[in-house]
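Just work34.cif here, mmCIF, C-alpha atoms and all ligand atoms:
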data_run
#
loop_
_atom_site.label_atom_id
_atom_site.label_comp_id
_atom_site.auth_asym_id
_atom_site.auth_seq_id
_atom_site.Cartn_x
_atom_site.Cartn_y
_atom_site.Cartn_z
CA MET A 82 195.14 253.18 138.84
CA SER A 83 191.44 252.29 138.79
CA PHE A 84 188.87 252.19 136.00
CA ASP A 85 187.19 255.27 137.50
CA SER A 86 189.96 257.63 136.39
CA LEU A 87 190.08 256.52 132.75
CA GLY A 88 187.17 258.63 131.51
CA LEU A 89 184.66 255.82 130.99
CA SER A 90 180.91 256.48 131.31
CA GLU A 91 179.05 255.59 134.48
CA THR A 92 176.91 252.96 132.69
CA VAL A 93 180.04 251.22 131.40
CA LEU A 94 181.69 251.39 134.84
CA LYS A 95 178.60 249.79 136.36
CA GLY A 96 178.82 246.97 133.82
CA ILE A 97 182.46 246.17 134.58
CA ARG A 98 181.93 246.42 138.33
CA GLU A 99 179.21 243.84 137.98
CA MET A 100 181.65 241.64 136.05
CA GLY A 101 184.06 241.84 138.96
CA TYR A 102 186.83 243.74 137.15
CA GLU A 103 188.64 245.82 139.75
CA ASP A 104 191.79 247.17 138.15
CA PRO A 105 192.51 247.75 134.48
CA THR A 106 195.04 245.44 132.84
CA PRO A 107 198.04 247.17 131.16
CA ILE A 108 196.49 247.16 127.68
CA GLN A 109 193.30 248.65 129.13
CA LEU A 110 195.25 251.25 131.07
CA HIS A 111 197.06 252.42 127.95
CA GLY A 112 194.48 251.63 125.27
CA ILE A 113 191.30 253.05 126.81
CA PRO A 114 192.45 256.71 127.08
CA LEU A 115 193.86 256.58 123.54
CA ILE A 116 190.66 255.23 122.02
CA LEU A 117 188.60 257.70 124.08
CA SER A 118 190.74 260.53 122.70
CA GLY A 119 189.68 259.58 119.18
CA LYS A 120 193.05 258.25 117.97
CA ASP A 121 193.53 255.26 115.70
CA VAL A 122 195.24 252.55 117.72
CA ILE A 123 197.36 249.50 116.90
CA GLY A 124 197.35 247.11 119.85
CA SER A 125 199.60 244.18 120.45
CA ALA A 126 199.49 242.17 123.64
CA GLN A 127 199.62 238.58 124.75
CA THR A 128 196.37 236.66 124.55
CA GLY A 129 194.20 236.85 127.63
CA THR A 130 195.37 240.33 128.49
CA GLY A 131 191.93 241.94 128.38
CA LYS A 132 192.03 243.47 124.91
CA THR A 133 188.27 243.04 124.37
CA ALA A 134 187.58 245.49 127.18
CA ALA A 135 190.45 247.71 125.98
CA PHE A 136 188.51 248.50 122.80
CA GLY A 137 184.97 247.62 123.98
CA LEU A 138 184.73 249.95 126.98
CA PRO A 139 185.82 253.19 125.27
CA ILE A 140 183.68 252.46 122.22
CA LEU A 141 180.61 251.87 124.39
CA THR A 142 181.38 255.09 126.27
CA ARG A 143 181.64 257.05 123.02
CA LEU A 144 178.50 255.51 121.47
CA GLU A 145 176.54 256.48 124.56
CA LYS A 146 172.96 256.34 123.23
CA PRO A 147 171.31 253.90 120.82
CA SER A 148 170.52 254.80 117.22
CA GLN A 149 168.97 252.84 114.37
CA GLN A 150 172.13 252.23 112.34
CA PRO A 151 175.30 250.37 113.22
CA ARG A 152 177.99 252.77 114.39
CA ALA A 153 180.59 250.29 115.56
CA LEU A 154 181.89 247.20 113.77
CA ILE A 155 184.20 244.59 115.28
CA LEU A 156 185.62 242.07 112.80
CA GLU A 157 186.77 238.68 114.09
CA PRO A 158 188.44 235.79 112.25
CA THR A 159 186.36 232.94 113.67
CA ARG A 160 182.77 232.35 114.70
CA GLU A 161 183.84 231.34 118.19
CA LEU A 162 185.73 234.57 118.73
CA ALA A 163 182.86 236.63 117.32
CA SER A 164 180.49 234.94 119.73
CA GLN A 165 182.85 235.39 122.68
CA VAL A 166 183.41 239.08 121.94
CA GLU A 167 179.67 239.66 121.49
CA THR A 168 179.02 238.13 124.93
CA ALA A 169 181.67 240.39 126.49
CA ILE A 170 180.21 243.50 124.82
CA GLN A 171 176.70 242.53 125.97
CA ASP A 172 178.06 242.21 129.52
CA PHE A 173 179.88 245.55 129.41
CA SER A 174 176.77 247.29 128.06
CA LYS A 175 174.28 245.63 130.38
CA PHE A 176 173.25 248.97 131.92
CA SER A 177 172.99 250.88 128.66
CA LYS A 178 170.37 250.66 125.92
CA LEU A 179 172.95 249.97 123.22
CA ARG A 180 172.28 246.91 121.09
CA THR A 181 174.82 244.43 119.79
CA THR A 182 174.33 241.89 117.02
CA VAL A 183 176.65 239.04 116.09
CA LEU A 184 176.88 237.84 112.48
CA TYR A 185 178.73 234.71 111.43
CA GLY A 186 178.39 231.93 108.92
CA GLY A 187 177.32 228.33 109.34
CA VAL A 188 173.90 229.26 110.75
CA LYS A 189 170.65 230.45 109.13
CA TYR A 190 170.21 234.09 108.19
CA GLY A 191 166.77 234.56 109.76
CA ARG A 192 167.61 235.61 113.29
CA GLN A 193 170.53 237.76 112.14
CA THR A 194 168.42 239.52 109.52
CA ASP A 195 165.65 240.14 112.08
CA ALA A 196 168.12 241.65 114.54
CA LEU A 197 169.48 243.94 111.81
CA LYS A 198 165.95 245.02 110.87
CA VAL A 199 165.17 245.99 114.47
CA GLY A 200 168.34 248.10 114.45
CA THR A 201 171.67 247.62 116.15
CA ASP A 202 174.42 249.91 117.38
CA ILE A 203 177.29 247.42 117.33
CA ILE A 204 177.99 244.58 114.94
CA VAL A 205 180.46 241.83 115.81
CA ALA A 206 181.06 239.77 112.69
CA THR A 207 183.18 237.42 110.67
CA PRO A 208 183.97 238.99 107.27
CA GLY A 209 182.17 236.58 104.90
CA ARG A 210 178.76 236.64 106.55
CA LEU A 211 178.88 240.41 107.02
CA LEU A 212 179.55 240.85 103.29
CA ASP A 213 176.54 238.61 102.55
CA HIS A 214 174.29 240.79 104.68
CA LEU A 215 175.71 243.94 103.10
CA SER A 216 175.12 242.65 99.58
CA GLN A 217 171.55 241.71 100.52
CA LYS A 218 171.13 245.24 101.89
CA ASN A 219 170.18 243.89 105.31
CA THR A 220 172.44 246.49 106.87
CA THR A 221 174.75 249.35 105.94
CA LEU A 222 178.07 250.64 107.16
CA LYS A 223 177.40 254.22 106.00
CA HIS A 224 177.00 255.50 109.54
CA LEU A 225 179.97 253.69 110.98
CA GLU A 226 182.14 255.63 113.43
CA TYR A 227 184.27 252.88 115.01
CA LEU A 228 185.97 249.97 113.28
CA VAL A 229 187.90 247.28 115.14
CA LEU A 230 190.02 244.76 113.23
CA ASP A 231 190.66 242.14 115.87
CA GLU A 232 193.26 239.36 115.39
CA ALA A 233 194.28 240.97 112.11
CA ASP A 234 197.16 238.56 111.47
CA ARG A 235 194.81 235.63 111.94
CA MET A 236 192.34 237.12 109.47
CA LEU A 237 195.21 237.36 107.06
CA ASP A 238 196.26 233.72 107.62
CA MET A 239 192.71 232.59 107.03
CA GLY A 240 192.56 234.38 103.69
CA PHE A 241 190.09 237.07 104.78
CA MET A 242 192.14 240.07 103.68
CA PRO A 243 190.23 240.65 100.40
CA ASP A 244 186.92 240.49 102.32
CA VAL A 245 188.25 242.81 105.02
CA LYS A 246 189.28 245.31 102.34
CA LYS A 247 185.85 245.16 100.69
CA ILE A 248 184.26 245.85 104.07
CA ILE A 249 186.57 248.76 104.82
CA GLN A 250 185.72 250.25 101.41
CA GLN A 251 182.09 250.41 102.52
CA CYS A 252 182.96 252.29 105.73
CA PRO A 253 183.05 256.09 105.83
CA GLU A 254 186.54 257.57 105.56
CA LYS A 255 185.91 259.61 108.64
CA ARG A 256 185.99 256.97 111.34
CA GLN A 257 188.20 255.72 114.14
CA THR A 258 190.02 252.43 113.55
CA ALA A 259 191.66 250.08 116.03
CA LEU A 260 193.69 247.09 114.90
CA PHE A 261 194.85 244.24 117.12
CA SER A 262 197.45 241.81 115.92
CA ALA A 263 200.00 239.57 117.63
CA THR A 264 202.45 240.04 114.78
CA VAL A 265 202.74 242.77 112.18
CA PRO A 266 203.96 241.20 108.92
CA PRO A 267 204.45 243.51 105.89
CA ILE A 268 200.96 242.89 104.52
CA ILE A 269 199.44 244.09 107.82
CA GLU A 270 201.74 247.14 107.61
CA THR A 271 200.24 247.83 104.18
CA LEU A 272 196.74 247.47 105.60
CA ILE A 273 197.62 249.82 108.45
CA GLN A 274 198.88 252.44 105.99
CA TRP A 275 195.80 252.07 103.84
CA ALA A 276 193.13 251.86 106.52
CA MET A 277 194.42 253.90 109.45
CA LYS A 278 195.29 257.53 110.10
CA ASP A 279 198.33 258.38 112.13
CA PRO A 280 197.90 255.43 114.51
CA GLU A 281 199.43 255.12 117.97
CA THR A 282 200.83 251.75 118.96
CA VAL A 283 200.16 250.11 122.31
CA GLU A 284 202.46 247.19 122.87
CA ILE A 285 202.17 245.39 126.15
CA GLY A 286 204.94 243.08 127.25
CA MET A 287 206.95 241.10 124.77
CA ARG A 288 204.99 239.98 121.79
CA ARG A 289 206.67 236.64 121.80
CA SER A 290 206.69 235.81 125.43
CA VAL A 291 204.74 233.02 127.02
CA ALA A 292 203.38 233.27 130.55
CA ASP A 293 205.99 232.23 133.10
CA THR A 294 203.38 230.26 135.01
CA ILE A 295 203.60 227.54 132.34
CA SER A 296 206.16 224.76 132.26
CA HIS A 297 207.04 223.44 128.82
CA ALA A 298 208.40 220.12 127.67
CA VAL A 299 209.07 218.48 124.32
CA TYR A 300 208.56 214.73 123.95
CA PRO A 301 210.60 213.33 121.04
CA VAL A 302 209.18 210.10 119.63
CA ALA A 303 209.22 207.95 116.49
CA PHE A 304 206.48 208.93 114.04
CA ASN A 305 204.53 205.68 114.40
CA GLN A 306 204.44 206.03 118.18
CA LYS A 307 202.71 209.42 118.36
CA ASP A 308 199.34 207.89 119.15
CA ASP A 309 200.77 205.65 121.86
CA LEU A 310 202.63 208.58 123.34
CA VAL A 311 199.62 210.87 123.56
CA VAL A 312 197.68 208.07 125.25
CA ALA A 313 200.56 207.46 127.67
CA LEU A 314 200.87 211.18 128.41
CA LEU A 315 197.22 211.47 129.35
CA ARG A 316 197.49 208.39 131.56
CA LYS A 317 200.41 209.91 133.44
CA VAL A 318 199.18 213.44 133.81
CA GLU A 319 196.75 214.56 136.44
CA PHE A 320 194.69 216.98 134.42
CA ASP A 321 191.42 218.78 134.87
CA SER A 322 190.97 219.72 131.29
CA VAL A 323 193.33 219.43 128.39
CA ILE A 324 193.36 220.85 124.87
CA ILE A 325 195.15 218.77 122.25
CA PHE A 326 196.17 220.68 119.14
CA CYS A 327 196.49 218.95 115.78
CA ARG A 328 197.70 220.43 112.51
CA THR A 329 194.90 219.05 110.35
CA LYS A 330 191.17 218.46 110.66
CA ILE A 331 191.59 214.80 109.68
CA GLY A 332 194.30 214.47 112.32
CA ALA A 333 192.04 216.03 114.95
CA ASP A 334 189.23 213.60 114.11
CA LYS A 335 191.65 210.67 114.31
CA VAL A 336 193.10 211.69 117.68
CA GLY A 337 189.57 212.36 118.96
CA ARG A 338 188.51 208.83 118.02
CA LEU A 339 191.62 207.35 119.61
CA LEU A 340 191.03 209.11 122.92
CA LYS A 341 187.35 208.19 122.96
CA GLN A 342 188.45 204.55 122.69
CA GLU A 343 190.61 205.25 125.72
CA ASN A 344 187.46 206.27 127.58
CA HIS A 345 188.18 209.98 127.71
CA SER A 346 185.24 212.30 127.25
CA VAL A 347 186.27 214.14 124.12
CA ALA A 348 185.03 217.15 122.16
CA ILE A 349 186.37 218.04 118.73
CA LEU A 350 186.66 221.56 117.32
CA HIS A 351 187.61 222.35 113.74
CA SER A 352 186.19 224.19 110.78
CA ASN A 353 184.72 221.15 108.99
CA ARG A 354 182.30 220.65 111.84
CA THR A 355 178.90 222.31 111.66
CA GLN A 356 178.38 225.44 113.69
CA ALA A 357 176.05 223.57 116.05
CA GLU A 358 178.73 220.91 116.62
CA ARG A 359 181.38 223.55 117.23
CA GLU A 360 179.19 225.31 119.76
CA ARG A 361 178.33 222.04 121.52
CA SER A 362 182.03 221.12 121.74
CA LEU A 363 183.10 224.46 123.13
CA LYS A 364 180.24 224.78 125.58
CA GLY A 365 180.62 221.17 126.77
CA PHE A 366 184.34 221.69 127.28
CA ARG A 367 183.83 224.99 129.10
CA ASP A 368 181.15 223.43 131.34
CA GLY A 369 183.35 220.47 132.19
CA LYS A 370 181.26 217.90 130.32
CA PHE A 371 184.29 217.01 128.19
CA GLU A 372 187.72 216.68 129.77
CA VAL A 373 189.57 216.72 126.45
CA LEU A 374 189.18 219.14 123.55
CA VAL A 375 190.92 218.12 120.34
CA ALA A 376 191.26 221.13 118.08
CA THR A 377 192.99 222.62 115.10
CA ASP A 378 194.46 226.11 115.40
CA ILE A 379 191.01 227.60 115.00
CA ALA A 380 190.74 227.29 118.79
CA SER A 381 194.15 228.63 119.63
CA ARG A 382 193.65 232.35 119.19
CA GLY A 383 192.03 234.45 121.80
CA LEU A 384 189.44 231.96 122.96
CA ASP A 385 188.84 232.46 126.63
CA ILE A 386 188.50 229.04 128.19
CA ALA A 387 189.01 229.01 131.92
CA ASN A 388 190.90 226.34 133.85
CA VAL A 389 192.67 224.56 131.03
CA SER A 390 195.23 222.64 133.04
CA HIS A 391 197.26 221.28 130.13
CA VAL A 392 197.92 221.84 126.47
CA VAL A 393 199.30 219.04 124.32
CA ASN A 394 200.64 219.77 120.86
CA TYR A 395 200.05 216.50 119.06
CA ASP A 396 201.76 218.20 116.11
CA VAL A 397 204.41 220.89 116.33
CA PRO A 398 202.78 224.09 115.03
CA GLN A 399 203.90 225.16 111.58
CA HIS A 400 203.89 228.85 112.41
CA PRO A 401 206.03 229.58 115.46
CA GLU A 402 203.62 232.25 116.72
CA ASP A 403 200.89 229.59 116.90
CA TYR A 404 202.92 227.93 119.66
CA VAL A 405 202.44 231.04 121.79
CA HIS A 406 198.73 231.16 120.99
CA ARG A 407 198.17 227.47 121.67
CA ILE A 408 200.08 227.61 124.94
CA GLY A 409 198.15 230.75 125.86
CA ARG A 410 195.12 228.52 126.47
CA THR A 411 196.73 227.33 129.70
CA GLY A 412 198.31 229.39 132.44
CA ARG A 413 195.81 232.22 131.84
CA ALA A 414 195.34 234.76 134.59
CA ALA A 415 198.41 233.47 136.42
CA ALA A 416 197.09 229.96 136.96
CA THR A 417 199.78 227.36 136.38
CA GLY A 418 199.61 225.10 133.39
CA ASP A 419 201.74 222.60 131.57
CA ALA A 420 202.42 222.44 127.89
CA PHE A 421 203.66 219.33 126.13
CA THR A 422 204.79 219.10 122.54
CA ILE A 423 205.15 215.79 120.77
CA MET A 424 207.98 215.98 118.25
CA VAL A 425 208.99 213.59 115.47
CA ALA A 426 212.15 213.84 113.37
CA GLU A 427 210.35 215.75 110.58
CA ASP A 428 209.38 218.46 113.08
CA ARG A 429 212.93 219.35 114.00
CA GLN A 430 213.07 222.56 111.98
CA HIS A 431 209.65 223.73 113.08
CA MET A 432 210.54 223.07 116.70
CA GLU A 433 213.76 225.04 116.35
CA ALA A 434 211.77 227.88 114.78
CA VAL A 435 209.45 227.87 117.81
CA GLU A 436 212.42 227.96 120.18
CA ARG A 437 214.00 230.84 118.26
CA PHE A 438 210.67 232.64 118.29
CA ILE A 439 210.20 232.38 122.05
CA ASP A 440 213.95 232.74 122.57
CA ASN A 441 214.06 229.71 124.83
CA LYS A 442 215.24 226.14 124.55
CA ILE A 443 212.50 223.80 125.74
CA LYS A 444 213.60 220.76 127.70
CA ARG A 445 213.33 217.30 126.08
CA GLU A 446 211.68 214.67 128.19
CA LYS A 447 210.70 211.04 128.12
CA ILE A 448 207.92 209.15 129.80
CA GLU A 449 209.24 206.58 132.19
CA GLY A 450 208.20 203.07 131.30
CA PHE A 451 207.18 203.90 127.72
CA GLU A 452 208.56 201.41 125.18
CA TYR A 453 210.35 203.86 122.90
CA LYS A 454 211.44 202.87 119.42
CA TYR A 455 214.58 204.46 118.07
CA THR A 456 214.41 207.84 116.36
CA ALA A 457 217.35 209.95 115.28
CA LEU A 458 216.01 212.64 117.61
CA PHE A 459 217.50 210.70 120.50
CA ASP A 460 220.96 211.43 119.11
CA ASP A 461 220.39 215.18 119.20
CA GLY A 462 221.78 215.58 122.69
CA LYS A 463 225.15 214.16 121.69
CA SER A 464 226.92 217.40 121.00
CA SER A 465 225.41 219.18 123.99
CA GLY A 466 226.62 216.53 126.33
CA MET A 467 223.21 214.93 126.73
CA PRO A 468 223.56 211.16 127.15
CA ARG A 469 222.85 209.21 124.02
CA PHE A 470 219.99 206.84 123.40
CA ARG A 471 221.38 203.40 122.76
CA GLY A 472 218.27 201.54 121.79
CA GLY A 473 216.62 198.93 123.92
CA SER A 474 214.82 199.96 127.01
CA VAL A 475 213.50 203.38 127.71
CA GLY A 476 215.54 206.13 129.05
CA ARG A 477 218.81 204.32 129.12
CA GLY A 478 221.20 207.17 128.76
CA TYR A 479 218.51 209.74 127.99
CA SER A 480 217.00 212.30 130.26
CA PHE A 481 213.44 211.55 131.06
CA GLY A 482 210.76 212.40 133.51
CA MET A 483 207.46 214.22 133.77
CA SER A 484 207.25 217.91 134.23
CA THR A 485 203.69 217.68 135.43
CA ARG A 486 202.19 218.06 138.80
CA GLY A 487 200.60 214.66 138.47
CA LYS A 488 203.54 212.35 138.26
CA GLY A 489 202.10 208.94 137.68
CA GLY A 490 198.90 210.04 139.30
CA GLY A 491 196.54 209.26 136.47
CA ARG A 492 193.65 211.39 135.39
CA ARG A 493 191.71 213.32 137.98
CA ARG A 494 188.04 212.57 137.59
CA ARG A 495 185.54 215.33 138.09
P1 LIG A 501 190.49 238.97 126.65
O1 LIG A 501 191.97 239.10 126.48
O2 LIG A 501 189.73 240.20 126.29
O3 LIG A 501 189.98 237.72 125.97
O4 LIG A 501 190.22 238.75 128.23
C1 LIG A 501 190.71 237.62 128.91
C2 LIG A 501 189.97 237.37 130.21
O5 LIG A 501 190.31 238.34 131.19
C3 LIG A 501 188.44 237.41 130.11
O6 LIG A 501 187.91 236.36 130.89
C4 LIG A 501 188.06 238.73 130.71
O7 LIG A 501 186.75 238.71 131.26
C5 LIG A 501 189.12 238.91 131.77
N1 LIG A 501 189.44 240.33 132.07
C6 LIG A 501 189.66 241.29 131.16
N2 LIG A 501 189.96 242.47 131.77
C7 LIG A 501 189.93 242.22 133.10
C8 LIG A 501 190.14 243.04 134.27
N3 LIG A 501 190.46 244.32 134.19
N4 LIG A 501 190.01 242.44 135.47
C9 LIG A 501 189.70 241.13 135.56
N5 LIG A 501 189.48 240.31 134.52
C10 LIG A 501 189.60 240.84 133.29
#

Using structure tokens, write down the structure that the file contains.
Ligand code: AMP
Amino acid sequence: MSFDSLGLSETVLKGIREMGYEDPTPIQLHGIPLILSGKDVIGSAQTGTGKTAAFGLPILTRLEKPSQQPRALILEPTRELASQVETAIQDFSKFSKLRTTVLYGGVKYGRQTDALKVGTDIIVATPGRLLDHLSQKNTTLKHLEYLVLDEADRMLDMGFMPDVKKIIQQCPEKRQTALFSATVPPIIETLIQWAMKDPETVEIGMRRSVADTISHAVYPVAFNQKDDLVVALLRKVEFDSVIIFCRTKIGADKVGRLLKQENHSVAILHSNRTQAERERSLKGFRDGKFEVLVATDIASRGLDIANVSHVVNYDVPQHPEDYVHRIGRTGRAAATGDAFTIMVAEDRQHMEAVERFIDNKIKREKIEGFEYKYTALFDDGKSSGMPRFRGGSVGRGYSFGMSTRGKGGGRRRR
């Protein structure tokens, strides 16, 4: 099945041909005809499946010609995602005259206000900044025809639901709504009932699955050896680019400092950084200037970063679904990738929740030659027949090894 038979306009088809898309991905194949038919759509698919085009292409086809007022609104939970989606929409609409404006916080209003004054057809926005512009009457949603709530569960986690509701209240009742969410907790169900009419659901693959091109491993360690372990891991692994996820912003700063001392080129991404810093980090990492990106979960959803060879969870994620999102940064588009999770005794329950969520037991590994201190985690294998840690030197009686392609090879320099 090709894009040509989906009912998209010639200008849109030209745009995607230029981008090198040949065949639609499953969510595009199922989502595009539904959105073109005017139905409200709930979409759930793994990250990196092409959902931006799944809603972007039919909306651009339906908008067709420019007008002075925004007719499509795409809400995103983070500035980075808003910026990424805006770039994709600009690319898809390269051969049309439709205009797209991105609105997010952390930067001055001037350029955004100017763009709104000139007139725009599509707004891609984070909720808070859009509400600011609406209250300053810089734009209006009165003429809106298409509303996309992207990463709805993430918007919920980040506390944006009241803002999202205020925005929806300013949209005309007669509109088409698409909602994308990896999970559908009850509060999203309520939102769906309130904001959508008779929606169709497009669910691609298992919501909880992780790409099978990724190998996973858990590295149990004593709490006060986490820093040493992450350093040792990076020494052992032959990586091109690695994202290290931390639970807190303070933790991310600390790990970033540690790895800089180890002579890694490191970028840091979390919400306490200024927008300019966040953009510099992301761009530098994408361009290969930084080999390590240390991030909180702000970077784990939907961000399209090519060629991430490894993901390291410095902390076990607190929400099991975040494991899937974090790991989704590697192994995209069928490239292989490795995912390591550092686990301390306090993480046991969270780790088990992750394993239940992905319905898979992840193998426990040790780094050969690392001077492990005792942790009760090393006794966990007892009942399953795994040899017991007896203290003293590494690995005695405990399974260890590296699951990476770069066994002992050290970092690959670009
Ligand atoms: P998304 O899930 O929208 O973030 O897309 C993930 C990545 O897949 C992006 O780099 C897209 O440019 C790319 N992509 C999306 N759809 C296609 C397609 N049909 N063919 C090739 N690449 C695609």

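Nearest residue to ligand LIG 501 (chain A) among A:Val245, A:Ala259, A:Leu374, A:Ile170 is A:Ile170, counting all atoms listed in the file.
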
Worksheet, complete the sentence: If you count only C-alpha atoms and all ligand atoms, the residue of A:Pro114, A:Gly131, A:Pro107, A:Pro253 closest to ligand LIG 501 (chain A) turns out to be A:Gly131

Selection within 7 Å of ligand LIG 501 (chain A) by only C-alpha atoms and all ligand atoms, output as a PDB file with C-alpha atoms, keeping the file's coordinate frame:
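So selection.pdb came out as:
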ATOM      1  CA  GLY A 101     184.060 241.840 138.960  1.00  0.00           C
ATOM      2  CA  TYR A 102     186.830 243.740 137.150  1.00  0.00           C
ATOM      3  CA  GLU A 103     188.640 245.820 139.750  1.00  0.00           C
ATOM      4  CA  ASP A 104     191.790 247.170 138.150  1.00  0.00           C
ATOM      5  CA  PRO A 105     192.510 247.750 134.480  1.00  0.00           C
ATOM      6  CA  THR A 106     195.040 245.440 132.840  1.00  0.00           C
ATOM      7  CA  THR A 128     196.370 236.660 124.550  1.00  0.00           C
ATOM      8  CA  GLY A 129     194.200 236.850 127.630  1.00  0.00           C
ATOM      9  CA  THR A 130     195.370 240.330 128.490  1.00  0.00           C
ATOM     10  CA  GLY A 131     191.930 241.940 128.380  1.00  0.00           C
ATOM     11  CA  LYS A 132     192.030 243.470 124.910  1.00  0.00           C
ATOM     12  CA  THR A 133     188.270 243.040 124.370  1.00  0.00           C
ATOM     13  CA  ALA A 134     187.580 245.490 127.180  1.00  0.00           C
ATOM     14  CA  GLY A 383     192.030 234.450 121.800  1.00  0.00           C
ATOM     15  CA  LEU A 384     189.440 231.960 122.960  1.00  0.00           C
ATOM     16  CA  ASP A 385     188.840 232.460 126.630  1.00  0.00           C
TER      17      ASP A 385
END

Fill in: Nearest to A:Ile285 by atom-to-atom distance, counting all atoms listed in the file, from A:Asp85, A:Arg256, A:His111, A:Lys175
A:His111

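If you look at atom CA of A:Met432 and atom CA of A:Pro301, they are 10.7 Å away from each other.
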
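You can rank A:Glu284, A:Asp440, A:Glu161, A:Asp419 by their closest distance to A:Lys364 using only C-alpha atoms, and at the top of that list sits A:Glu161.
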
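Our summary of the geometry notes that atom CA of A:Ala348 is positioned 22.7 Å from atom CA of A:Gln306.
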
Discussion item. What's around A:Glu436 at 12 Å? Count only C-alpha atoms, leave out sequence neighbours fewer than 4 positions away in its own chain, and write the answer as a count of residues only.
Written reply: 23

Worksheet item: Using all atoms listed in the file, which residues sit within 7 Å of A:His351 once same-chain residues fewer than 5 positions away are excluded, as a PyMOL selection string?
Response: chain A and resi 330+376-377+379

Item to complete: Figure out the distance between atom CA of A:Arg152 and atom CA of A:His214, please, to one decimal in Å.
Response: 15.9 Å
